[in-house]
Every structure is written in C-alpha cells, then in structure tokens.
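Peer 1: Could you have a look at this structure, given as structure tokens, before my questions?
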Amino acid sequence: MHAPARPTSRRTSRRPLSGRRRGGFTLAEVTLATAILAAAITTSIGVIQWGLRHLDLARGTTLAAQILQSEIERLRMMGWSSIIALPAETAVPLSNAFATDSALAERFTLTRNVAPDAARPDDIRLITVTVRWTTTDGKPHTRSFRATYAREGMYDYFYTLARS
C-alpha cells in the first residue's frame, strides 16, 4: 500500500501560518503623528494667548474711551468760573466712576491738564484729559483727549468766531 499523497501547500504571501494578520501602526508612524499633534496644540495655545492679550487691550481701550468721555462731559457741564479755578494739572480720582468694581479704579489713572490758550489766555482754556493703564501682559497704554473750553462754554468759541 501506498502512503497517501500529501497535499502540497503553495504560500503566495508572507503572512504568518496562523492565518491572521496583526494590525497596528509602526513606531515611526506613532512618533510622527505625536509630533504633528504636539505642534498643532502648541500653535493653538500661542494663538489663544495672542487673542486673549488683544481682547484685554480692546476692553481696556473701550473703558479708557468711556472714562475720557465721562470726564469731558463732566467738564462741559461746568461754568467758566469753575474751569478757571481748576489746577493746572491734577489726578482725577476714579473711585466714583467705578463704584461697583474697585479693581478697575486701581487699574486706570486719569489726569487732567488745564492751560490758558496763548492767543486768548483770558477767554480760552485748553483741556487735556489722559488715561493710563496696564494690560494683563504688563504693557502700559495711554489714551488722551484734548478739548477747547471758551468763556461762553466748551466749543462755543468756534460759533462766536464765525459770527464776528
């Protein structure tokens, strides 16, 4: 009797004989993906910090403009005798402006400069109001507003000049 013939096996691929292929990523692929992800996260954190700094600056600029406007409006309502009695330069307290948030009153400083006009010192005062503050990144900022106050009221000088 003959021994039965053994079937010949033809392997066309280099897969393990178990018939199951193990899936996964190589170490190089994982390292590259991790590096790309780390770079993306680092970049996005930098962009977020940049945006927050500019948001803080925008908020500070808006508050500074409101402080300037408020002080100019307060001065506009004063009479000539009160205007000429103002000191040449003084710091204006902001505790009344920020009654609900004392931290803002400490963050901003307001100064006012009142000087007679060289051409008409008895009739005109030049008023400069300046706000200074520091943003959260430690950079100082300044905004100023300059107005002309005439004996007949703020800005009335231009109308009086046009009539004569």
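To be explicit about the labels: the chains of the structure tokens are called A, B, and onward in the order shown, and within each one the residues are counted from 1, while ligands get numbers from 1 in the order they are shown.
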When DSSP is applied to the backbone of this structure, which of stretch 54-154 of chain A are assigned alpha helix (DSSP H)? Write them out as a PyMOL selection string.

Peer 2: chain A and resi 54-76+80-84+102-107

Peer 1: Can you list, as a list in words, every protein, DNA or RNA residue that comes within 8 Å of stretch 112-121 of chain A when you count only C-alpha atoms, leaving out same-chain residues fewer than 4 positions away?

Peer 2: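 Those residues are Leu86, Pro87, Ala88, Glu89, Thr90, Ala91, Val92, Arg125, Leu126, Ile127, Thr128, Val129 and Thr130 of chain A.
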
Peer 1: Skipping near chain neighbours, those fewer than 6 positions away, what residues fall within 9 Å of A:His141 using only C-alpha atoms, listed as a ChimeraX atom specification?

Peer 2: /A:57,60-61,131-135

Peer 1: Mind checking DSSP for stretch 70-147 of chain A and telling me the strand (DSSP E or B) residues as a PDB file with C-alpha atoms, in the first residue's frame?

Peer 2:
```pdb
ATOM      1  CA  GLU A  89      -2.523 119.515  36.356  1.00  0.00           C
ATOM      2  CA  THR A  90      -4.190 117.068  38.667  1.00  0.00           C
ATOM      3  CA  ALA A  91      -5.004 113.398  39.068  1.00  0.00           C
ATOM      4  CA  VAL A  92      -8.723 112.754  38.968  1.00  0.00           C
ATOM      5  CA  PHE A 108      -6.755 103.094  35.410  1.00  0.00           C
ATOM      6  CA  THR A 109      -5.379 106.532  36.237  1.00  0.00           C
ATOM      7  CA  LEU A 110      -6.887 109.755  34.946  1.00  0.00           C
ATOM      8  CA  THR A 111      -5.026 113.058  34.791  1.00  0.00           C
ATOM      9  CA  ARG A 112      -6.343 116.427  33.676  1.00  0.00           C
ATOM     10  CA  ASN A 113      -4.284 119.346  32.397  1.00  0.00           C
ATOM     11  CA  VAL A 114      -5.854 122.793  32.077  1.00  0.00           C
ATOM     12  CA  ALA A 115      -3.816 125.545  30.413  1.00  0.00           C
ATOM     13  CA  PRO A 116      -4.684 129.001  29.073  1.00  0.00           C
ATOM     14  CA  ILE A 124      -9.912 130.108  26.333  1.00  0.00           C
ATOM     15  CA  ARG A 125      -8.626 127.075  28.242  1.00  0.00           C
ATOM     16  CA  LEU A 126      -7.056 124.066  26.593  1.00  0.00           C
ATOM     17  CA  ILE A 127      -8.003 120.914  28.476  1.00  0.00           C
ATOM     18  CA  THR A 128      -6.194 117.610  28.017  1.00  0.00           C
ATOM     19  CA  VAL A 129      -7.536 114.510  29.722  1.00  0.00           C
ATOM     20  CA  THR A 130      -5.270 111.436  29.765  1.00  0.00           C
ATOM     21  CA  VAL A 131      -5.993 107.859  30.842  1.00  0.00           C
ATOM     22  CA  ARG A 132      -3.205 105.385  31.584  1.00  0.00           C
ATOM     23  CA  TRP A 133      -3.500 101.682  32.307  1.00  0.00           C
ATOM     24  CA  THR A 134      -1.522  98.477  32.147  1.00  0.00           C
ATOM     25  CA  PRO A 140       1.449 100.315  29.663  1.00  0.00           C
ATOM     26  CA  HIS A 141      -1.067 102.133  27.446  1.00  0.00           C
ATOM     27  CA  THR A 142      -2.204 105.753  27.210  1.00  0.00           C
ATOM     28  CA  ARG A 143      -5.161 107.484  25.572  1.00  0.00           C
ATOM     29  CA  SER A 144      -5.758 111.243  25.575  1.00  0.00           C
ATOM     30  CA  PHE A 145      -8.459 113.671  24.565  1.00  0.00           C
ATOM     31  CA  ARG A 146      -7.974 117.395  24.057  1.00  0.00           C
ATOM     32  CA  ALA A 147     -10.765 119.934  24.192  1.00  0.00           C
TER      33      ALA A 147
END
```

Peer 1: Between atom CA of A:Gly79 and atom CA of A:Leu94, what is the spacing in Å?

Peer 2: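 Value for the atom CA of A:Leu94-atom CA of A:Gly79 distance: 21.8 Å.
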
Peer 1: Rank nothing, just name the residue among A:Leu52, A:Ala64, A:Ile45, A:Ile83 nearest to A:Thr148, using only C-alpha atoms.

Peer 2: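 Nearest candidate to A:Thr148 out of A:Leu52, A:Ala64, A:Ile45, A:Ile83: A:Ile83.
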
Peer 1: Name all residues at most 12 Å from A:Trp50 (count only C-alpha atoms; drop same-chain ones fewer than 6 positions away) and give them as number ranges by chain.

Peer 2: A: 43-44, 56-57, 136-137

Peer 1: Would you mind exporting the chosen residues as a PDB file, in the first residue's frame, restricted to C-alpha atoms?

Peer 2:
```pdb
ATOM      1  CA  THR A  43       0.485  76.595  17.903  1.00  0.00           C
ATOM      2  CA  SER A  44      -3.133  76.801  19.005  1.00  0.00           C
ATOM      3  CA  ASP A  56      -7.743  92.617  27.063  1.00  0.00           C
ATOM      4  CA  LEU A  57      -6.301  95.568  25.136  1.00  0.00           C
ATOM      5  CA  THR A 136      -2.559  91.910  31.881  1.00  0.00           C
ATOM      6  CA  ASP A 137       0.683  91.265  29.978  1.00  0.00           C
TER       7      ASP A 137
END
```
